[in-house]
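Containing compact mmCIF, C-alpha atoms: target_0.txt.
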```txt
# COMPACT_ATOMS: atom_id res chain seq x y z
CA MET A 1 -7.56 -1.51 13.37
CA PRO A 2 -8.84 -4.42 15.51
CA VAL A 3 -5.88 -4.45 17.90
CA GLU A 4 -8.06 -5.34 20.92
CA GLN A 5 -8.97 -8.65 19.30
CA TYR A 6 -5.28 -9.63 19.39
CA ARG A 7 -4.29 -8.00 22.69
CA ASP A 8 -3.31 -11.27 24.41
CA LEU A 9 -1.19 -12.41 21.46
CA LEU A 10 0.53 -9.04 21.14
CA SER A 11 1.18 -8.92 24.86
CA ASP A 12 2.73 -12.41 24.77
CA LEU A 13 5.03 -11.20 21.99
CA GLY A 14 6.26 -8.38 24.20
CA VAL A 15 4.51 -5.63 22.25
CA ASP A 16 3.71 -2.41 24.10
CA VAL A 17 0.05 -2.96 23.29
CA ASP A 18 -1.39 0.44 24.25
CA ARG A 19 1.26 2.41 22.42
CA HIS A 20 1.02 0.00 19.49
CA ALA A 21 -2.77 0.43 19.32
CA MET A 22 -2.46 4.20 19.29
CA MET A 23 0.12 4.13 16.48
CA MET A 24 -1.76 1.60 14.37
CA ASN A 25 -5.03 3.50 14.65
CA LYS A 26 -3.29 6.70 13.55
CA ALA A 27 -1.65 4.83 10.66
CA TYR A 28 -4.95 3.37 9.47
CA GLU A 29 -6.70 6.74 9.65
CA ALA A 30 -3.85 8.24 7.60
CA TYR A 31 -4.22 5.39 5.10
CA LYS A 32 -7.94 5.97 4.70
CA LYS A 33 -7.37 9.69 4.20
CA GLU A 34 -4.63 9.11 1.63
CA PHE A 35 -6.17 6.24 -0.33
CA PHE A 36 -9.96 6.28 0.00
CA SER A 37 -10.13 9.83 -1.35
CA GLN A 38 -8.74 8.72 -4.72
CA PRO A 39 -11.42 8.59 -7.44
CA ASN A 40 -12.20 5.54 -9.55
CA ARG A 41 -10.02 3.02 -7.69
CA PRO A 42 -10.04 -0.59 -8.95
CA LYS A 43 -12.48 -2.78 -7.03
CA ALA A 44 -9.73 -5.36 -6.46
CA MET A 45 -8.00 -2.83 -4.17
CA GLU A 46 -10.58 -3.81 -1.54
CA TYR A 47 -8.40 -6.77 -0.57
CA PHE A 48 -5.37 -4.55 -0.01
CA ASP A 49 -7.49 -2.09 1.97
CA TRP A 50 -8.57 -5.02 4.15
CA PHE A 51 -4.97 -6.12 4.57
CA MET A 52 -4.03 -2.67 5.82
CA SER A 53 -6.79 -2.92 8.44
CA GLU A 54 -5.32 -6.26 9.61
CA ILE A 55 -1.64 -5.58 8.91
CA GLN A 56 -0.69 -5.88 12.60
CA GLY A 57 -3.59 -8.12 13.55
CA LYS A 58 -4.67 -11.15 11.56
CA ARG A 59 -1.38 -11.37 9.65
CA ILE A 60 0.53 -11.43 12.94
CA ALA A 61 -1.76 -14.21 14.17
CA GLU A 62 -1.03 -16.18 10.97
CA ILE A 63 2.73 -15.80 11.41
CA ASN A 64 2.57 -17.01 14.99
CA GLU A 65 0.50 -20.03 13.99
CA ILE A 66 3.36 -20.87 11.63
CA ARG A 67 5.84 -20.54 14.49
CA LYS A 68 3.78 -22.94 16.62
CA GLN A 69 4.40 -25.57 13.92
CA ASN A 70 8.16 -25.16 14.39
CA LYS A 71 8.51 -23.32 11.09
CA PRO A 72 10.70 -20.22 10.70
CA ALA A 73 9.54 -16.60 10.96
CA ILE A 74 12.22 -14.28 9.61
CA GLY A 75 12.09 -10.48 9.58
CA THR A 76 14.15 -8.55 7.05
CA PHE A 77 15.05 -5.05 5.88
CA CYS A 78 16.43 -5.93 2.45
CA ILE A 79 15.61 -7.72 -0.81
CA PHE A 80 18.86 -9.70 -0.71
CA VAL A 81 17.31 -12.18 1.74
CA PRO A 82 16.84 -15.54 -0.05
CA GLU A 83 13.19 -15.75 0.97
CA GLU A 84 12.72 -18.87 -1.14
CA ILE A 85 14.55 -20.92 1.51
CA VAL A 86 12.31 -19.63 4.30
CA VAL A 87 9.09 -20.11 2.32
CA GLY A 88 10.21 -23.56 1.17
CA ALA A 89 10.61 -24.60 4.80
CA GLY A 90 6.96 -23.62 5.33
CA GLY A 91 7.91 -20.40 7.10
CA ALA A 92 7.16 -16.71 6.79
CA CYS A 93 9.66 -14.14 5.50
CA TYR A 94 8.51 -10.53 5.78
CA GLY A 95 9.64 -6.93 5.84
CA LEU A 96 9.82 -5.12 9.17
CA CYS A 97 8.38 -1.76 10.14
CA GLY A 98 10.64 1.09 9.06
CA GLY A 99 8.76 3.89 7.33
CA SER A 100 7.52 6.03 10.20
CA ASN A 101 8.90 9.22 11.68
CA ALA A 102 7.27 8.46 15.05
CA THR A 103 9.94 6.00 16.21
CA ILE A 104 13.03 7.98 15.22
CA PRO A 105 13.42 9.95 18.51
CA ASP A 106 13.66 6.64 20.39
CA ALA A 107 16.25 5.32 17.91
CA GLU A 108 18.37 8.44 18.35
CA THR A 109 18.97 7.47 21.98
CA GLU A 110 21.31 4.79 20.55
CA LEU A 111 22.01 5.82 16.94
CA PRO A 112 23.44 9.05 15.51
CA ARG A 113 21.07 11.55 13.92
CA ASN A 114 22.92 11.68 10.60
CA ILE A 115 22.09 8.22 9.26
CA CYS A 116 19.19 7.24 7.05
CA PRO A 117 15.65 7.47 8.49
CA LEU A 118 14.75 3.93 7.43
CA ILE A 119 17.42 2.45 9.70
CA LYS A 120 16.51 4.75 12.59
CA SER A 121 12.78 4.13 12.17
CA ALA A 122 13.22 0.35 12.20
CA HIS A 123 15.54 0.45 15.23
CA GLY A 124 13.09 2.72 17.01
CA PHE A 125 10.24 0.28 16.43
CA LYS A 126 12.27 -2.36 18.27
CA LEU A 127 13.11 -0.07 21.16
CA GLN A 128 9.44 0.94 21.46
CA ARG A 129 8.24 -2.64 20.98
CA THR A 130 5.57 -1.34 18.61
CA CYS A 131 6.19 -3.54 15.55
CA ALA A 132 4.53 -6.93 15.97
CA TYR A 133 6.48 -8.27 12.98
CA THR A 134 9.79 -7.58 14.71
CA GLN A 135 8.51 -9.13 17.93
CA SER A 136 7.35 -12.25 16.02
CA SER A 137 10.71 -12.90 14.36
CA ASP A 138 12.89 -15.86 15.29
CA PHE A 139 15.70 -13.67 14.06
CA ILE A 140 16.19 -10.55 11.98
CA TYR A 141 18.07 -10.89 8.72
CA GLY A 142 20.64 -8.13 8.30
CA GLU A 143 23.01 -7.48 5.41
CA THR A 144 26.07 -5.40 4.72
CA THR A 145 24.78 -3.10 1.98
CA CYS A 146 25.79 0.11 3.79
CA GLU A 147 28.01 1.20 6.67
CA ALA A 148 25.14 2.44 8.84
CA LYS A 149 23.32 -0.87 8.60
CA LYS A 150 26.42 -2.92 9.39
CA LYS A 151 27.04 -1.14 12.67
CA THR A 152 23.36 -0.90 13.57
CA TRP A 153 23.05 -4.70 13.46
CA GLU A 154 25.59 -4.93 16.30
CA ILE A 155 23.44 -2.66 18.46
CA LEU A 156 20.13 -4.20 17.37
CA ASN A 157 21.50 -7.64 18.25
CA LYS A 158 21.52 -6.52 21.90
CA HIS A 159 17.73 -6.29 21.70
CA HIS A 160 16.82 -9.07 19.22
CA PRO A 161 18.72 -11.93 17.53
CA VAL A 162 20.25 -10.80 14.21
CA HIS A 163 21.84 -12.93 11.50
CA VAL A 164 24.09 -10.86 9.24
CA MET A 165 24.72 -11.91 5.65
CA GLU A 166 27.82 -10.52 3.95
CA ILE A 167 26.86 -9.03 0.57
CA PRO A 168 30.06 -8.40 -1.42
CA HIS A 169 30.16 -5.01 -3.12
CA MET A 170 31.73 -6.33 -6.32
CA LYS A 171 30.70 -9.26 -8.52
CA ARG A 172 33.98 -10.95 -9.37
CA LYS A 173 34.23 -14.73 -9.10
CA LYS A 174 35.88 -14.54 -5.67
CA ASP A 175 33.08 -12.23 -4.48
CA LEU A 176 30.40 -14.57 -5.76
CA ASP A 177 32.11 -17.50 -4.00
CA VAL A 178 31.78 -15.61 -0.71
CA TRP A 179 28.14 -14.85 -1.49
CA ARG A 180 27.40 -18.51 -2.22
CA ASP A 181 28.81 -19.49 1.16
CA GLU A 182 26.66 -16.81 2.81
CA ILE A 183 23.50 -18.29 1.27
CA LYS A 184 24.52 -21.72 2.58
CA SER A 185 25.14 -20.20 6.00
CA PHE A 186 21.70 -18.57 5.95
CA LYS A 187 20.10 -21.94 5.17
CA GLU A 188 22.08 -23.61 7.95
CA HIS A 189 21.07 -20.91 10.44
CA ILE A 190 17.39 -21.52 9.68
CA GLU A 191 17.97 -25.27 10.06
CA SER A 192 19.45 -24.63 13.51
CA ILE A 193 16.26 -22.76 14.46
CA ILE A 194 13.82 -25.44 13.27
CA GLY A 195 16.04 -28.40 14.22
CA ARG A 196 16.08 -30.19 10.88
CA GLU A 197 17.54 -30.05 7.38
CA ILE A 198 15.69 -28.13 4.66
CA THR A 199 15.39 -30.50 1.70
CA PHE A 200 15.98 -29.80 -1.99
CA GLU A 201 12.29 -30.38 -2.68
CA GLU A 202 11.39 -27.71 -0.13
CA ILE A 203 13.83 -25.18 -1.58
CA LYS A 204 12.53 -25.87 -5.08
CA LYS A 205 8.95 -25.42 -3.90
CA GLY A 206 9.89 -22.13 -2.25
CA ILE A 207 11.51 -20.94 -5.47
CA GLU A 208 8.39 -21.81 -7.46
CA ILE A 209 6.15 -19.90 -5.01
CA ILE A 210 8.28 -16.74 -5.06
CA ASN A 211 8.76 -16.95 -8.83
CA GLU A 212 4.96 -16.84 -9.23
CA LYS A 213 4.78 -13.88 -6.87
CA ARG A 214 7.34 -11.96 -8.92
CA LYS A 215 5.59 -12.87 -12.18
CA ALA A 216 2.39 -11.34 -10.82
CA LEU A 217 4.26 -8.14 -9.94
CA GLN A 218 5.92 -8.08 -13.37
CA ARG A 219 2.43 -8.26 -14.84
CA LEU A 220 1.25 -5.36 -12.67
CA ASP A 221 4.30 -3.33 -13.66
CA TYR A 222 3.60 -3.93 -17.35
CA LEU A 223 -0.07 -2.98 -17.10
CA ARG A 224 0.68 0.29 -15.29
CA SER A 225 2.56 1.62 -18.31
CA LYS A 226 1.24 -0.50 -21.20
CA ASN A 227 -0.97 2.16 -22.79
CA PRO A 228 0.40 5.72 -23.19
CA ASP A 229 -3.10 7.21 -22.79
CA ILE A 230 -4.63 4.91 -20.16
CA ILE A 231 -3.27 4.53 -16.63
CA PRO A 232 -5.61 2.00 -14.98
CA ILE A 233 -4.33 2.38 -11.40
CA SER A 234 -2.73 5.22 -9.47
CA GLY A 235 0.94 5.05 -8.63
CA LYS A 236 0.07 5.30 -4.94
CA ASP A 237 -2.25 2.28 -5.07
CA ALA A 238 0.31 0.30 -7.07
CA LEU A 239 3.04 1.21 -4.59
CA PHE A 240 0.93 -0.03 -1.69
CA VAL A 241 0.23 -3.29 -3.52
CA ILE A 242 3.99 -3.82 -3.85
CA GLN A 243 4.55 -2.88 -0.19
CA VAL A 244 1.97 -5.45 0.94
CA GLY A 245 3.95 -8.11 -0.93
CA PHE A 246 6.68 -7.87 1.68
CA MET A 247 4.28 -8.79 4.50
CA ASP A 248 1.47 -10.95 3.12
CA ASP A 249 1.31 -14.70 2.63
CA PRO A 250 2.95 -15.13 -0.81
CA ILE A 251 0.44 -17.59 -2.27
CA ARG A 252 -2.62 -15.58 -1.27
CA TYR A 253 -0.89 -12.37 -2.30
CA THR A 254 -0.04 -13.72 -5.77
CA GLN A 255 -3.67 -14.66 -6.30
CA LYS A 256 -4.89 -11.20 -5.27
CA VAL A 257 -2.34 -9.38 -7.45
CA ASN A 258 -3.38 -11.46 -10.45
CA GLU A 259 -7.05 -10.68 -9.72
CA LEU A 260 -6.14 -6.99 -9.67
CA CYS A 261 -4.28 -7.40 -12.96
CA ASP A 262 -7.32 -9.08 -14.54
CA GLU A 263 -9.34 -6.01 -13.63
CA LEU A 264 -6.65 -3.65 -14.94
CA GLU A 265 -6.64 -5.47 -18.27
CA GLU A 266 -10.42 -4.95 -18.49
CA ARG A 267 -9.97 -1.28 -17.63
CA ILE A 268 -7.44 -0.81 -20.40
CA GLU A 269 -9.74 -2.52 -22.91
CA LYS A 270 -12.62 -0.25 -21.85
CA GLY A 271 -10.46 2.88 -21.80
CA ILE A 272 -10.83 3.46 -18.04
CA SER A 273 -7.99 5.62 -16.71
CA VAL A 274 -7.53 7.15 -13.26
CA PHE A 275 -5.72 10.13 -14.83
CA PRO A 276 -6.71 12.35 -17.77
CA LYS A 277 -5.07 11.78 -21.13
CA GLY A 278 -1.84 13.76 -21.38
CA THR A 279 -0.96 13.54 -17.67
CA PRO A 280 2.85 13.52 -17.36
CA ARG A 281 4.08 9.96 -16.79
CA LEU A 282 6.88 9.67 -14.23
CA MET A 283 9.34 7.02 -13.13
CA VAL A 284 10.82 7.19 -9.64
CA LEU A 285 14.41 6.07 -9.09
CA GLY A 286 16.36 5.44 -5.91
CA THR A 287 15.77 4.36 -2.35
CA PRO A 288 12.93 2.15 -1.05
CA PHE A 289 9.47 3.21 0.19
CA ALA A 290 8.56 1.44 3.43
CA ILE A 291 4.99 1.62 4.79
CA PRO A 292 3.67 4.28 5.54
CA ASN A 293 6.00 6.37 3.36
CA TRP A 294 3.63 7.52 0.59
CA LYS A 295 4.72 11.17 0.72
CA LEU A 296 6.27 11.51 -2.74
CA HIS A 297 3.50 9.62 -4.53
CA SER A 298 0.84 11.66 -2.77
CA VAL A 299 2.51 14.95 -3.70
CA VAL A 300 3.06 13.98 -7.35
CA GLU A 301 -0.42 12.60 -7.93
CA THR A 302 -2.21 15.52 -6.30
CA THR A 303 -0.13 17.99 -8.30
CA GLY A 304 -0.90 16.78 -11.82
CA GLY A 305 1.49 13.89 -12.41
CA ALA A 306 1.20 10.10 -12.54
CA ILE A 307 3.84 7.64 -11.32
CA VAL A 308 3.90 4.50 -13.48
CA ASN A 309 7.03 2.79 -12.16
CA GLU A 310 9.37 2.63 -9.17
CA GLU A 311 12.96 1.63 -9.90
CA SER A 312 13.40 0.74 -6.27
CA CYS A 313 13.96 -2.15 -3.87
CA ILE A 314 10.25 -1.86 -3.10
CA GLY A 315 9.54 -1.85 -6.81
CA HIS A 316 11.10 -3.06 -10.06
CA ARG A 317 14.45 -4.00 -8.50
CA TYR A 318 12.71 -6.60 -6.34
CA PHE A 319 10.68 -8.41 -8.97
CA LYS A 320 12.57 -7.92 -12.25
CA ASP A 321 14.37 -11.30 -12.14
CA ASN A 322 13.18 -14.81 -11.32
CA VAL A 323 15.21 -17.86 -10.30
CA ASP A 324 15.96 -20.11 -13.29
CA LEU A 325 15.13 -23.71 -12.32
CA GLU A 326 16.37 -25.27 -15.54
CA ASN A 327 18.96 -28.00 -14.78
CA VAL A 328 18.45 -27.56 -11.03
CA ASN A 329 18.53 -31.09 -9.61
CA ASN A 330 19.81 -30.81 -6.04
CA SER A 331 20.31 -28.39 -3.17
CA GLN A 332 23.70 -27.19 -4.44
CA ASP A 333 22.18 -26.45 -7.86
CA ALA A 334 19.38 -24.54 -6.12
CA ILE A 335 21.84 -22.41 -4.13
CA ASP A 336 23.76 -21.66 -7.34
CA ALA A 337 20.49 -20.65 -9.04
CA LEU A 338 19.62 -18.40 -6.10
CA LEU A 339 23.06 -16.79 -6.27
CA ASN A 340 22.67 -16.19 -10.00
CA ARG A 341 19.36 -14.44 -9.45
CA TYR A 342 20.29 -12.34 -6.42
CA SER A 343 23.59 -11.21 -7.95
CA LYS A 344 21.54 -9.53 -10.70
CA VAL A 345 20.07 -7.10 -8.17
CA ASP A 346 21.48 -3.69 -9.13
CA CYS A 347 21.66 -2.06 -5.70
CA ALA A 348 23.76 1.10 -5.44
CA CYS A 349 26.01 -0.76 -2.97
CA PHE A 350 27.78 -2.36 -5.94
CA THR A 351 30.75 -0.96 -7.79
CA PRO A 352 30.76 -0.64 -10.70
CA ASN A 353 27.00 -0.51 -11.24
CA GLN A 354 26.58 0.26 -14.94
CA PRO A 355 23.80 -2.36 -15.38
CA ARG A 356 21.52 -0.18 -13.24
CA ILE A 357 22.07 2.85 -15.49
CA ASP A 358 21.53 0.76 -18.63
CA LYS A 359 18.30 -0.62 -17.16
CA ILE A 360 17.00 2.86 -16.28
CA LEU A 361 17.57 4.14 -19.83
CA LYS A 362 15.85 1.06 -21.27
CA MET A 363 12.86 1.37 -18.94
CA TYR A 364 12.46 5.05 -19.76
CA LYS A 365 11.96 4.22 -23.42
CA GLU A 366 9.88 1.07 -22.96
CA LYS A 367 7.46 2.65 -20.50
CA GLN A 368 7.09 5.87 -22.51
CA ILE A 369 8.09 8.02 -19.55
CA ASP A 370 7.97 11.83 -19.70
CA GLY A 371 10.30 12.50 -16.78
CA VAL A 372 12.26 10.96 -13.93
CA ILE A 373 12.35 11.75 -10.21
CA TYR A 374 15.51 10.58 -8.46
CA TYR A 375 14.42 10.12 -4.84
CA THR A 376 16.82 9.50 -1.97
CA LEU A 377 16.35 9.26 1.75
CA SER A 378 18.49 11.69 3.71
CA PHE A 379 21.98 10.36 4.51
CA CYS A 380 21.64 7.41 2.11
CA HIS A 381 25.14 7.91 0.75
CA THR A 382 25.15 5.01 -1.73
CA TYR A 383 22.14 6.23 -3.73
CA ASN A 384 23.01 9.88 -3.22
CA VAL A 385 26.52 9.49 -4.63
CA GLU A 386 25.40 7.21 -7.47
CA SER A 387 22.81 9.83 -8.49
CA TYR A 388 25.62 11.82 -10.13
CA LEU A 389 26.36 9.01 -12.59
CA VAL A 390 22.67 8.32 -13.21
CA LYS A 391 21.83 11.97 -13.85
CA GLU A 392 24.86 12.29 -16.13
CA ALA A 393 23.53 9.41 -18.26
CA LEU A 394 20.00 10.85 -18.26
CA GLU A 395 21.25 14.27 -19.32
CA LYS A 396 23.23 12.74 -22.16
CA GLU A 397 20.00 11.16 -23.44
CA GLY A 398 18.00 14.37 -22.97
CA ILE A 399 15.85 12.84 -20.22
CA PRO A 400 14.35 15.35 -17.73
CA CYS A 401 15.21 14.57 -14.11
CA LEU A 402 14.27 16.10 -10.77
CA GLN A 403 16.29 15.03 -7.71
CA ILE A 404 14.57 15.03 -4.32
CA GLU A 405 16.14 14.18 -0.99
CA SER A 406 13.76 13.75 1.93
CA ASP A 407 13.02 11.89 5.14
CA TYR A 408 9.81 10.74 6.88
CA SER A 409 8.90 14.13 8.34
CA PRO A 410 5.90 15.97 6.81
CA GLU A 411 7.70 19.30 7.18
CA ASP A 412 9.08 19.41 3.62
CA VAL A 413 5.83 18.50 1.82
CA GLY A 414 5.21 22.08 0.74
CA GLN A 415 8.73 22.48 -0.61
CA ILE A 416 8.54 19.18 -2.51
CA LYS A 417 5.15 20.13 -3.95
CA THR A 418 6.54 23.44 -5.26
CA ARG A 419 9.46 21.68 -6.94
CA VAL A 420 7.23 18.97 -8.42
CA GLU A 421 4.80 21.57 -9.78
CA ALA A 422 7.65 23.37 -11.56
CA PHE A 423 8.98 20.06 -12.93
CA LEU A 424 5.57 19.01 -14.25
CA GLU A 425 5.10 22.40 -15.90
CA SER A 426 8.44 21.99 -17.67
CA LEU A 427 7.44 18.52 -18.88
CA THR A 428 4.11 19.82 -20.19
CA PHE A 429 5.87 22.68 -21.98
CA LYS A 430 8.41 20.26 -23.46
CA LYS A 431 5.67 17.95 -24.73
CA LYS A 432 3.72 20.83 -26.32
CA ALA A 433 6.89 22.14 -27.95
CA GLU A 434 7.61 18.71 -29.42
CA GLU A 435 4.04 18.40 -30.71
CA PHE A 436 4.29 21.84 -32.33
CA LYS A 437 7.62 20.94 -33.89
CA ASN A 438 6.22 17.69 -35.29
CA LYS A 439 3.17 19.47 -36.76
CA ALA A 440 5.41 22.10 -38.33
CA SER A 441 7.57 19.39 -39.86
CA ASP A 442 4.48 17.69 -41.30
CA VAL A 443 3.29 20.95 -42.83
CA LEU A 444 6.68 21.73 -44.33
CA GLY A 445 7.00 18.16 -45.55
CA SER A 446 3.66 18.33 -47.36
```
Rewrite the coordinates I just gave you, this time as structure tokens.
Amino acid sequence: MPVEQYRDLLSDLGVDVDRHAMMMNKAYEAYKKEFFSQPNRPKAMEYFDWFMSEIQGKRIAEINEIRKQNKPAIGTFCIFVPEEIVVGAGGACYGLCGGSNATIPDAETELPRNICPLIKSAHGFKLQRTCAYTQSSDFIYGETTCEAKKKTWEILNKHHPVHVMEIPHMKRKKDLDVWRDEIKSFKEHIESIIGREITFEEIKKGIEIINEKRKALQRLDYLRSKNPDIIPISGKDALFVIQVGFMDDPIRYTQKVNELCDELEERIEKGISVFPKGTPRLMVLGTPFAIPNWKLHSVVETTGGAIVNEESCIGHRYFKDNVDLENVNNSQDAIDALLNRYSKVDCACFTPNQPRIDKILKMYKEKQIDGVIYYTLSFCHTYNVESYLVKEALEKEGIPCLQIESDYSPEDVGQIKTRVEAFLESLTFKKKAEEFKNKASDVLGS
């Protein structure tokens, strides 16, 4: 990673440049080892490989050029942030570092050990000053989706400005009224940073840009599972493409995802698959995958399985819905349209959350999935508790499910691999048994 090229900028941002350089170089070497060893990768992945090499370099320079123009730069940990408002104002809205085990010991000087690793990792990056995205942020957007996050924001605010948005945990009219006011407050807070009002035309433009971004990701999601015999891109590559979407310029990113999708369509037409025919097709449910958390995908896809969908905040949950601009004529209409879209997010923080279970069952059938992995980060109580209801629904439908709880440490890789191997063997046996049963029925029928 070309950190030296940006040393002065990083230093001005308050980054611990030497420690940052060491961590980024290790991260890039890990990326090359994980990704470049995959056979038959799409050529369009070259852009995303380049982005990884510049993830804390050129992209940071771009964000700070935006800030020089008095436009907002907002860091976030959650998909409830109405990024359309930020982008409409000409700013940058991006995810912050939070997927590394290396920063957790620092975080545990202020946070308890028994909370989720994503929160600790992100807090540790701030304490270390090794995430240039955090250091570039005018403020960090926080939300109230879990108890650990809510209290962490109070501590993080001692180190960096944090704006907390209340996300109600029910979706009654009175809850949605609170949520609407929170979106207005978010807009007003950005206006206080840039010193001017954000116009309706700007909000509308931001909505159009992010809608196109989500459409591109919907297209990628469809192509990953379109053909039952042809998987044109690995789950790990597809996951990284989605992860990049939380950091890259949205217009450029949309173009590059669509170029990748063009290539995937050609691959499907030509019968080019990165996995052999008959490879078990898996869907992953649960908590998000922040860079560089590729552990589960790496284990699955080096053990004989293929991941074709992530029902996750960094996945389908993020891009499944767009903002409806029909009959949107002013800023209030736009805020109402944003509320309508964001209230469809089926995070496990909501109660009740039956729409999530219904969606999972529908996706399983549509994407011709063989089995499901329910993945949770350690101490993520919302997704851990909700897994009972999800697994109950899956069992009722006869859908195979493996539950895995993990963190960012590499120590449990062997254990996870053993469990995944056994799960894949059971799926293969189930498929062969069904094929035998169908052949027997045909013979008896004739």
Per residue of segment 124-204 of chain A within 8 Å of segment 341-362 of chain A, which atom pair is closest and at what distance in Å (one decimal), using only C-alpha atoms, listed by chain and increasing number, as a tab-separated table?
```
residue	atom	partner	partner_atom	distance
A:Thr145	CA	A:Cys349	CA	5.6
A:Cys146	CA	A:Cys349	CA	6.8
A:Pro168	CA	A:Phe350	CA	7.9
A:His169	CA	A:Phe350	CA	4.5
A:Met170	CA	A:Phe350	CA	5.6
A:Lys171	CA	A:Ser343	CA	7.4
A:Leu176	CA	A:Ser343	CA	7.9
```
Enumerate, in order of chain and increasing residue number, the residues of segment 61-155 of chain A with an atom no farther than 8 Å from segment 290-305 of chain A, each with its shortest atom pair and distance in Å to one decimal, counting only C-alpha atoms, as a tab-separated table.
```
residue	atom	partner	partner_atom	distance
A:Cys97	CA	A:Ile291	CA	7.2
A:Gly98	CA	A:Ala290	CA	6.0
A:Gly99	CA	A:Ala290	CA	4.6
A:Ser100	CA	A:Pro292	CA	6.3
A:Leu118	CA	A:Ala290	CA	7.8
```
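Closest approach to Glu54 of chain A from the set A:Ala21, A:Glu29, A:Ile167, A:Val3 is made by A:Val3, with distances taken over only C-alpha atoms.
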inquiry  = For Asp18 of chain A, find every residue with an atom within 10 Å (counting all atoms listed in the file), except residues of its own chain fewer than 6 positions away, and show them as a PyMOL selection string.
reply    = chain A and resi 3-4+7+11+24+130
How close does each residue of segment 41-80 of chain A get to segment 120-129 of chain A, giving the shortest atom pair and distance in Å to one decimal for every residue with an atom at most 12 Å away, counting all atoms listed in the file, sorted by chain and residue number, as CSV?
```
residue,atom,partner,partner_atom,distance
A:Gly75,CA,A:Ala122,CA,11.2
A:Thr76,CA,A:Ala122,CA,10.3
A:Phe77,CA,A:Ala122,CA,8.5
```
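With all atoms listed in the file taken into account, the protein and nucleic acid residues at most 10 Å from Leu9 of chain A (excluding it and anything under 3 positions from it in its own chain) are A:Val3, A:Glu4, A:Gln5, A:Tyr6, A:Asp12, A:Leu13, A:Gly14, A:Val15, A:Val17, A:Gly57, A:Ile60, A:Ala61, A:Asn64, A:Ala132.
Proximity of A:Ile85, A:Met247, A:Val274, A:Ala107 to Gln56 of chain A, computed with all atoms listed in the file, is greatest for A:Met247.
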Dump as CSV the rows for residues of segment 346-391 of chain A within 12 Å of segment 147-162 of chain A: closest atom pair and distance in Å with one decimal, only C-alpha atoms counted, ordered by chain and rising residue number.
```
residue,atom,partner,partner_atom,distance
A:Cys349,CA,A:Glu147,CA,10.0
A:Phe379,CA,A:Ala148,CA,9.6
A:Cys380,CA,A:Ala148,CA,9.1
A:His381,CA,A:Glu147,CA,9.4
A:Thr382,CA,A:Glu147,CA,9.7
```
Excluding same-chain residues fewer than 3 positions from Asn258 of chain A, what lies within 12 Å of it counting only C-alpha atoms, as a CSV table (one decimal) with C-alpha atoms, in the frame of the given file?
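For reference, part-v3.csv as written:
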```
chain,number,residue,atom,x,y,z
A,44,ALA,CA,-9.7,-5.4,-6.5
A,45,MET,CA,-8.0,-2.8,-4.2
A,212,GLU,CA,5.0,-16.8,-9.2
A,213,LYS,CA,4.8,-13.9,-6.9
A,214,ARG,CA,7.3,-12.0,-8.9
A,215,LYS,CA,5.6,-12.9,-12.2
A,216,ALA,CA,2.4,-11.3,-10.8
A,217,LEU,CA,4.3,-8.1,-9.9
A,218,GLN,CA,5.9,-8.1,-13.4
A,219,ARG,CA,2.4,-8.3,-14.8
A,220,LEU,CA,1.2,-5.4,-12.7
A,221,ASP,CA,4.3,-3.3,-13.7
A,223,LEU,CA,-0.1,-3.0,-17.1
A,241,VAL,CA,0.2,-3.3,-3.5
A,251,ILE,CA,0.4,-17.6,-2.3
A,252,ARG,CA,-2.6,-15.6,-1.3
A,253,TYR,CA,-0.9,-12.4,-2.3
A,254,THR,CA,0.0,-13.7,-5.8
A,255,GLN,CA,-3.7,-14.7,-6.3
A,261,CYS,CA,-4.3,-7.4,-13.0
A,262,ASP,CA,-7.3,-9.1,-14.5
A,263,GLU,CA,-9.3,-6.0,-13.6
A,264,LEU,CA,-6.6,-3.6,-14.9
A,265,GLU,CA,-6.6,-5.5,-18.3
```
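Nearest-residue note for Tyr408 of chain A: choosing from A:Thr144, A:Gln38, A:Ser136, A:Ser378, the minimum distance belongs to A:Ser378, counting all atoms listed in the file.
Here atom CA of Asn25 of chain A and atom CA of Lys43 of chain A stand 23.8 Å from one another.
Interatomic distance, atom CA of Gln403 of chain A against atom CA of Lys391 of chain A: 8.8 Å.
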Using only C-alpha atoms, which residues sit within 9 Å of Glu310 of chain A once same-chain residues fewer than 5 positions away are excluded, as a PDB file with C-alpha atoms, in the coordinates of the input?
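Here's the written file part-v5.pdb:
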```
ATOM      1  CA  GLY A 235       0.940   5.050  -8.630  1.00  0.00           C
ATOM      2  CA  LEU A 239       3.040   1.210  -4.590  1.00  0.00           C
ATOM      3  CA  MET A 283       9.340   7.020 -13.130  1.00  0.00           C
ATOM      4  CA  VAL A 284      10.820   7.190  -9.640  1.00  0.00           C
ATOM      5  CA  LEU A 285      14.410   6.070  -9.090  1.00  0.00           C
ATOM      6  CA  GLY A 286      16.360   5.440  -5.910  1.00  0.00           C
ATOM      7  CA  PRO A 288      12.930   2.150  -1.050  1.00  0.00           C
ATOM      8  CA  GLY A 315       9.540  -1.850  -6.810  1.00  0.00           C
ATOM      9  CA  HIS A 316      11.100  -3.060 -10.060  1.00  0.00           C
ATOM     10  CA  ARG A 317      14.450  -4.000  -8.500  1.00  0.00           C
TER      11      ARG A 317
END
```
